[in-house]
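**Q** Supplied in structure tokens, the structure appears directly below.
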Amino acid sequence: MNTTEFLNVTSLIVPDRTAIVFDGKRFSFSELSERVNKLANGLQNLGVGKGDRIAAMQVNCNEYIEAYFAAAKLDAVYVPMNFRARSEEIEYMVKDSAPKVFIAGGRYIPMLDELRSSIPSVENFICLDGASAEGWVNYDKLLEESSSDELFPLDDGDDLSMVMFTAGTTGSPKGVMLSHESFSSYILSNVSPVEIDIEEKNILTVPLYHIAGVQAVIAAIYGGRTLIIQRQFEPIEWMTLVQDELAD
């Protein structure tokens, strides 16, 4: 089972329920699904297809989630990068995973520009945060110019969903290969599906380059829960969000 099916089902059952709250923005499940489709079509127009790798490096944000599901729709492989990693570590992980596209926050543009010549697998760099730079594709513009037509993955669940790197505390980071089935089997066994009459809100604080963050997102999508995203954990902001958003 491809994990994008979780988003497809939930957006059909509760299309108008808020899926994501982040930085003053709110997206319903139907809006999230539309943005994912636009990104998937935009990436396809950039030449991304089955088996290609899509790297991403940024603090928690809605675009991180959109990129994961867009990759799934294309039968591509998502490669989240630790935004705390040093330049030489990023270079190693990119060489090891060979992504075709790299999506990154504006603050990482100078570092990645310096690495361009040593990471030739990356054909397109996409910038977030409304940033613009020579040789970079603007994320928001890419969505604006892309179709929202539905794309349907072809894999049967055994294909790779993600390559997630370990911390590399005793050596170089290791790329852990995770299939769609590894995620979907866990979610289906441990999470209650979306219900029209039950609404829950979760605050996401764990980083999305970590397995706990990815599982939390997929679980929330399948359960029809609203995800309130923190860029990084900040206790005062967390308490304010609990109060203002009435989070569970």
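Letters A, B, ... go to the chains of the structure tokens in the order shown; residues in each chain start at 1; ligands are counted from 1 in the same order.
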Contacts of segment 61-75 of chain A at 9 Å or less, counting only C-alpha atoms, minus same-chain residues fewer than 2 places along, as JSON, numbers by chain?
**A** {"A": [2, 3, 4, 7, 20, 21, 22, 23, 32, 33, 35, 36, 37, 38, 39, 40, 41, 43, 44, 48, 49, 50, 51, 52, 53, 54, 56, 57, 58, 59, 77, 78, 79, 80, 103, 128, 139, 150, 151, 152, 153, 154, 155, 159, 160, 161, 162, 180, 208, 214, 217, 229, 230, 231]}
**Q** Among segment 184-223 of chain A, which residues carry a DSSP assignment of strand (DSSP E or B), reported as a PyMOL selection string?
**A** chain A and resi 195+198+201-204
**Q** Go ahead and dump the residues you just picked, N, CA and C atoms, as a tab-separated table (two decimals), in the first residue's frame.
**A**
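Output file out21.tsv follows:
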chain	number	residue	atom	x	y	z
A	195	GLU	N	-12.53	9.48	11.42
A	195	GLU	CA	-13.97	9.39	11.65
A	195	GLU	C	-14.58	10.78	11.51
A	198	ILE	N	-15.28	12.52	15.02
A	198	ILE	CA	-14.20	12.66	16.01
A	198	ILE	C	-13.10	13.54	15.43
A	201	LYS	N	-6.48	17.17	17.64
A	201	LYS	CA	-5.41	18.07	17.20
A	201	LYS	C	-4.11	17.66	17.88
A	202	ASN	N	-3.06	17.51	17.10
A	202	ASN	CA	-1.75	17.14	17.61
A	202	ASN	C	-0.74	18.24	17.30
A	203	ILE	N	0.13	18.53	18.25
A	203	ILE	CA	1.23	19.47	18.00
A	203	ILE	C	2.46	18.66	17.61
A	204	LEU	N	3.01	18.98	16.46
A	204	LEU	CA	4.19	18.28	15.96
A	204	LEU	C	5.43	19.06	16.33
**Q** Please list as a list in words every residue within 6 Å of Val122 of chain A, counting only C-alpha atoms and excluding residues in the same chain fewer than 2 positions away.
**A** Pro99, Lys100, Val101, Pro120 and Asn124 of chain A
**Q** I'd like to know which of A:Tyr108, A:Gly42, A:Phe27, A:Glu234 is closest to Asp140 of chain A, using only C-alpha atoms.
**A**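 Checking each of A:Tyr108, A:Gly42, A:Phe27, A:Glu234 against Asp140 of chain A, counting only C-alpha atoms, the winner is A:Gly42.
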**Q** Identify, with DSSP run on backbone atoms, the residues in segment 27-137 of chain A assigned to alpha helix (DSSP H), and express the list as a PyMOL selection string.
**A** chain A and resi 29-45+62-73+87-97+109-115
**Q** Would you write out those residues with C-alpha atoms, as a short mmCIF file (atom, residue, chain, number, x, y, z; two decimals), in the first residue's frame?
**A**
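Wrote part-v3.cif, looks like this:
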data_model
loop_
_atom_site.label_atom_id
_atom_site.label_comp_id
_atom_site.auth_asym_id
_atom_site.auth_seq_id
_atom_site.Cartn_x
_atom_site.Cartn_y
_atom_site.Cartn_z
CA PHE A 29 -7.26 18.13 3.86
CA SER A 30 -8.58 18.93 0.39
CA GLU A 31 -6.25 21.94 0.13
CA LEU A 32 -3.31 19.85 1.30
CA SER A 33 -4.16 17.19 -1.28
CA GLU A 34 -4.35 19.85 -4.01
CA ARG A 35 -0.96 21.29 -3.03
CA VAL A 36 0.56 17.82 -3.04
CA ASN A 37 -0.83 17.18 -6.52
CA LYS A 38 0.54 20.50 -7.78
CA LEU A 39 3.97 19.75 -6.36
CA ALA A 40 3.93 16.23 -7.80
CA ASN A 41 3.02 17.56 -11.24
CA GLY A 42 5.66 20.27 -10.95
CA LEU A 43 8.32 17.73 -10.02
CA GLN A 44 7.21 15.47 -12.86
CA ASN A 45 7.65 18.41 -15.24
CA ASN A 62 4.09 22.25 5.74
CA GLU A 63 6.25 22.00 2.59
CA TYR A 64 8.19 19.12 4.14
CA ILE A 65 4.95 17.14 4.40
CA GLU A 66 3.84 18.12 0.91
CA ALA A 67 7.15 16.98 -0.54
CA TYR A 68 6.91 13.56 1.11
CA PHE A 69 3.47 12.81 -0.31
CA ALA A 70 4.36 14.30 -3.71
CA ALA A 71 7.31 11.91 -3.90
CA ALA A 72 4.99 9.03 -3.03
CA LYS A 73 2.59 9.97 -5.84
CA SER A 87 28.42 20.77 4.96
CA GLU A 88 30.69 17.75 4.60
CA GLU A 89 27.97 15.50 6.03
CA ILE A 90 25.40 16.86 3.57
CA GLU A 91 27.86 16.28 0.73
CA TYR A 92 28.38 12.68 1.84
CA MET A 93 24.64 11.97 2.17
CA VAL A 94 23.84 13.52 -1.20
CA LYS A 95 26.58 11.54 -2.92
CA ASP A 96 25.35 8.37 -1.22
CA SER A 97 21.66 8.85 -2.07
CA ILE A 109 21.21 28.20 -0.31
CA PRO A 110 24.83 29.45 0.20
CA MET A 111 26.01 26.09 1.54
CA LEU A 112 24.37 24.09 -1.25
CA ASP A 113 25.64 26.48 -3.91
CA GLU A 114 29.16 25.79 -2.66
CA LEU A 115 28.52 22.05 -2.96
#
**Q** Please report the interatomic distance between atom CA of Val163 of chain A and atom CA of Met177 of chain A in Å with one decimal.
**A**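 Straight-line distance from atom CA of Val163 of chain A to atom CA of Met177 of chain A works out to 4.7 Å.
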**Q** Determine the nearest neighbour of Val137 of chain A from the options A:Met81, A:Leu46, A:Val9, A:Ala220, counting only C-alpha atoms.
**A**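 Of the candidates, the smallest distance to Val137 of chain A is held by A:Leu46.
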**Q** Calculated over only C-alpha atoms, which of the candidates A:Trp136, A:Ser179, A:Arg107, A:Asn8 has the smallest distance to Ala76 of chain A?
**A**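 When distances to Ala76 of chain A are compared using only C-alpha atoms, the smallest one comes from A:Ser179.
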**Q** Which residues are near Ser182 of chain A? Cut-off 9 Å, only C-alpha atoms, ignore same chain within fewer than 3 positions. Put them as a PyMOL selection string.
**A** chain A and resi 157-158+161+178-179+185-187
**Q** Can you write out the residues you just picked, keeping C-alpha atoms, as a PDB file, in the first residue's frame?
**A**
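Once written, part-v3.pdb looks like this:
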ATOM      1  CA  GLY A 157       3.953  -1.141  -1.450  1.00  0.00           C
ATOM      2  CA  ASP A 158       7.257  -2.981  -1.645  1.00  0.00           C
ATOM      3  CA  SER A 161       9.298   5.242   0.187  1.00  0.00           C
ATOM      4  CA  LEU A 178      12.184   2.169   4.173  1.00  0.00           C
ATOM      5  CA  SER A 179       9.389   0.831   1.982  1.00  0.00           C
ATOM      6  CA  SER A 185       1.706  -1.782   8.089  1.00  0.00           C
ATOM      7  CA  TYR A 186       2.692   0.122  11.243  1.00  0.00           C
ATOM      8  CA  ILE A 187      -0.025   2.750  10.763  1.00  0.00           C
TER       9      ILE A 187
END
**Q** When you look at Leu188 of chain A with a cut-off of 10 Å (counting only C-alpha atoms), what residues show up, excluding the ones that are within fewer than 6 positions of it in the same chain? I need them as a list in words.
**A**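 Counting only the stated atoms, we get Phe6, Ala219 and Tyr222 of chain A.
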**Q** Now that the selection is made, can you save its residues with C-alpha atoms as a compact mmCIF listing (two decimals), in the first residue's frame?
**A**
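Written out: selection-v6.txt:
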# COMPACT_ATOMS: atom_id res chain seq x y z
CA PHE A 6 -3.87 7.68 3.48
CA ALA A 219 -0.59 8.71 11.61
CA TYR A 222 -4.70 8.56 8.43
**Q** Kindly give the distance, in Å, that separates atom CA of Glu245 of chain A and atom CA of Thr226 of chain A, rounded to a single decimal.
**A**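 About the pair atom CA of Glu245 of chain A and atom CA of Thr226 of chain A: they are 9.9 Å apart.
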**Q** Rank nothing, just name the residue among A:Pro15, A:Gly106, A:Gly213, A:Pro193 nearest to Gln232 of chain A, using only C-alpha atoms.
**A** A:Gly213
**Q** If I take atom CA of Lys174 of chain A and atom CA of Ile126 of chain A, how far is one from the other in Å, to one decimal?
**A**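 Separation between atom CA of Lys174 of chain A and atom CA of Ile126 of chain A: 24.6 Å.
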